[in-house]
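Please read the structure below before turning to the comments.
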Amino acid sequence: MGAVSKTSVLSTPLWRRALQRFTASESDLAAEEATEDAVRNGGTPCGQVRDRTRACVCGTLRSVTTRPRGGVPALEAELFDGSGSVSLVWLGRRRIAGVEAGRRVKASGLVACDDGHRVIFNPVYELICPEKA
């Protein structure tokens, strides 16, 4: 689907959103819903963050791994919000309580480009409580 921003979610007519949802695949719907949720929580869609800018992103951690960077242990997590992904890297950490795959997180920091992938080193983060149904 197309890029989602705060204004496009609110300005798209209801009938058009209904038609798009009717004709879209299930994975497209899940990605669009995740992006809209990230925008609602105050984040910028990962697909729209630019290199060398401060950004706040919100999404679900797809994977959490420990791998050394320059001889220093680092906890690396991939945050996905439906529009793209950003790697969150905490240098000098092997584990952070609550940071685990499947968890919703809001993170902010300076976006860097590492081998063509967007990365935020030592981000300020907030664990998002799952909403009660």
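Chain labels A, B, ... are given in the sequence in which chains occur in the structure tokens; within each chain residues are numbered consecutively from 1, and ligands are likewise numbered from 1 in the order shown.
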Contact check, stretch 100-126 of chain A to stretch 28-52 of chain A, at most 8 Å, counting only C-alpha atoms, closest pairs as a tab-separated table:
```
residue	atom	partner	partner_atom	distance
A:Lys106	CA	A:Gly43	CA	7.3
A:Leu110	CA	A:Arg52	CA	6.3
A:Val111	CA	A:Arg52	CA	5.3
A:Ala112	CA	A:Asp51	CA	5.3
A:Cys113	CA	A:Asp51	CA	6.0
A:Arg118	CA	A:Asp51	CA	7.1
```
Only all heavy atoms, please: the residues just picked out, written as a PDB file, in the first residue's frame.
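See selection_12.pdb below for the written result:
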```pdb
ATOM      1  N   LYS A 106       8.153   2.046  21.781  1.00  0.00           N
ATOM      2  CA  LYS A 106       8.276   3.381  21.209  1.00  0.00           C
ATOM      3  C   LYS A 106       9.707   3.812  21.497  1.00  0.00           C
ATOM      4  O   LYS A 106      10.139   3.787  22.647  1.00  0.00           O
ATOM      5  CB  LYS A 106       7.279   4.331  21.866  1.00  0.00           C
ATOM      6  CG  LYS A 106       7.290   5.725  21.317  1.00  0.00           C
ATOM      7  CD  LYS A 106       6.202   6.549  22.004  1.00  0.00           C
ATOM      8  CE  LYS A 106       6.152   7.949  21.478  1.00  0.00           C
ATOM      9  NZ  LYS A 106       5.075   8.724  22.143  1.00  0.00           N
ATOM     10  N   LEU A 110      18.749   9.419  17.209  1.00  0.00           N
ATOM     11  CA  LEU A 110      19.305   9.864  15.941  1.00  0.00           C
ATOM     12  C   LEU A 110      19.410   8.679  14.986  1.00  0.00           C
ATOM     13  O   LEU A 110      20.007   7.659  15.325  1.00  0.00           O
ATOM     14  CB  LEU A 110      20.688  10.484  16.168  1.00  0.00           C
ATOM     15  CG  LEU A 110      21.352  11.099  14.959  1.00  0.00           C
ATOM     16  CD1 LEU A 110      20.563  12.320  14.481  1.00  0.00           C
ATOM     17  CD2 LEU A 110      22.775  11.502  15.293  1.00  0.00           C
ATOM     18  N   VAL A 111      18.826   8.820  13.810  1.00  0.00           N
ATOM     19  CA  VAL A 111      18.825   7.739  12.821  1.00  0.00           C
ATOM     20  C   VAL A 111      20.125   7.783  12.033  1.00  0.00           C
ATOM     21  O   VAL A 111      20.529   8.840  11.537  1.00  0.00           O
ATOM     22  CB  VAL A 111      17.625   7.869  11.857  1.00  0.00           C
ATOM     23  CG1 VAL A 111      17.646   6.759  10.827  1.00  0.00           C
ATOM     24  CG2 VAL A 111      16.318   7.860  12.631  1.00  0.00           C
ATOM     25  N   ALA A 112      20.785   6.648  11.938  1.00  0.00           N
ATOM     26  CA  ALA A 112      22.011   6.521  11.158  1.00  0.00           C
ATOM     27  C   ALA A 112      21.775   5.468  10.084  1.00  0.00           C
ATOM     28  O   ALA A 112      20.822   4.688  10.153  1.00  0.00           O
ATOM     29  CB  ALA A 112      23.169   6.113  12.057  1.00  0.00           C
ATOM     30  N   CYS A 113      22.637   5.453   9.098  1.00  0.00           N
ATOM     31  CA  CYS A 113      22.549   4.446   8.043  1.00  0.00           C
ATOM     32  C   CYS A 113      23.756   3.525   8.179  1.00  0.00           C
ATOM     33  O   CYS A 113      24.896   3.987   8.151  1.00  0.00           O
ATOM     34  CB  CYS A 113      22.523   5.125   6.677  1.00  0.00           C
ATOM     35  SG  CYS A 113      22.048   4.023   5.364  1.00  0.00           S
ATOM     36  N   ARG A 118      18.498   1.421   8.266  1.00  0.00           N
ATOM     37  CA  ARG A 118      18.327   2.481   9.267  1.00  0.00           C
ATOM     38  C   ARG A 118      18.554   1.901  10.660  1.00  0.00           C
ATOM     39  O   ARG A 118      18.018   0.846  10.998  1.00  0.00           O
ATOM     40  CB  ARG A 118      16.933   3.090   9.155  1.00  0.00           C
ATOM     41  CG  ARG A 118      16.747   3.891   7.876  1.00  0.00           C
ATOM     42  CD  ARG A 118      15.352   4.466   7.791  1.00  0.00           C
ATOM     43  NE  ARG A 118      14.344   3.443   7.578  1.00  0.00           N
ATOM     44  CZ  ARG A 118      13.917   3.042   6.386  1.00  0.00           C
ATOM     45  NH1 ARG A 118      14.398   3.583   5.302  1.00  0.00           N
ATOM     46  NH2 ARG A 118      13.003   2.117   6.285  1.00  0.00           N
TER      47      ARG A 118
END
```
- Task: Return as an NGL selection string the full set of residues in chain A whose backbone-based DSSP assignment is strand (DSSP E or B).
- Result: :A and (54-66 or 69 or 72 or 74-80 or 85-91 or 104-114 or 117-121 or 124-127)
- Message: Need to verify the contact set: A:Ser63, 10 Å, only C-alpha atoms, exclusion of same-chain residues closer than 2 positions in sequence. Can you return it as a VMD selection string?
- Response: chain A and resid 60 to 61 65 76 to 80 87 99 to 103
Keeping N, CA, C and O atoms, export the residues of the selection given above as a short mmCIF file (atom, residue, chain, number, x, y, z; two decimals), in the first residue's frame.
```
data_model
loop_
_atom_site.label_atom_id
_atom_site.label_comp_id
_atom_site.auth_asym_id
_atom_site.auth_seq_id
_atom_site.Cartn_x
_atom_site.Cartn_y
_atom_site.Cartn_z
N THR A 60 6.49 -3.05 16.59
CA THR A 60 6.68 -4.33 17.25
C THR A 60 8.09 -4.84 16.99
O THR A 60 8.59 -4.74 15.87
N LEU A 61 8.73 -5.37 18.01
CA LEU A 61 10.07 -5.94 17.85
C LEU A 61 9.93 -7.30 17.18
O LEU A 61 9.30 -8.20 17.72
N THR A 65 18.52 -9.85 19.20
CA THR A 65 19.72 -10.68 19.19
C THR A 65 20.86 -9.95 19.89
O THR A 65 20.85 -8.74 20.01
N GLU A 76 20.69 -5.99 19.82
CA GLU A 76 20.13 -5.44 18.60
C GLU A 76 18.70 -5.96 18.42
O GLU A 76 18.45 -7.16 18.53
N ALA A 77 17.78 -5.04 18.15
CA ALA A 77 16.37 -5.41 17.96
C ALA A 77 15.87 -4.78 16.67
O ALA A 77 16.20 -3.63 16.36
N GLU A 78 15.07 -5.52 15.92
CA GLU A 78 14.46 -4.99 14.69
C GLU A 78 13.03 -4.55 15.01
O GLU A 78 12.21 -5.36 15.40
N LEU A 79 12.76 -3.26 14.86
CA LEU A 79 11.44 -2.70 15.11
C LEU A 79 10.72 -2.55 13.77
O LEU A 79 11.25 -1.94 12.85
N PHE A 80 9.52 -3.13 13.66
CA PHE A 80 8.73 -3.09 12.43
C PHE A 80 7.39 -2.43 12.71
O PHE A 80 6.75 -2.70 13.72
N SER A 87 16.55 -0.75 12.96
CA SER A 87 17.27 -1.52 13.96
C SER A 87 17.57 -0.63 15.15
O SER A 87 18.00 0.51 15.00
N VAL A 99 12.66 -6.06 26.82
CA VAL A 99 12.95 -5.96 25.39
C VAL A 99 13.09 -7.37 24.85
O VAL A 99 14.10 -8.04 25.03
N GLU A 100 12.01 -7.83 24.21
CA GLU A 100 11.96 -9.19 23.68
C GLU A 100 11.09 -9.20 22.43
O GLU A 100 10.27 -8.31 22.22
N ALA A 101 11.29 -10.19 21.60
CA ALA A 101 10.54 -10.30 20.34
C ALA A 101 9.04 -10.33 20.61
O ALA A 101 8.58 -10.96 21.57
N GLY A 102 8.28 -9.60 19.79
CA GLY A 102 6.84 -9.55 19.92
C GLY A 102 6.35 -8.40 20.79
O GLY A 102 5.16 -8.12 20.84
N ARG A 103 7.25 -7.71 21.47
CA ARG A 103 6.88 -6.62 22.36
C ARG A 103 6.73 -5.32 21.57
O ARG A 103 7.47 -5.05 20.64
#
```
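Taking atom CA of A:Asp114 and atom CA of A:Leu127 as the two end points, the separation is 24.7 Å.
Ranking A:Tyr125, A:Trp15, A:Trp90, A:Phe22 by their shortest atom-to-atom distance to A:Val64, with only C-alpha atoms included, puts A:Trp90 first.
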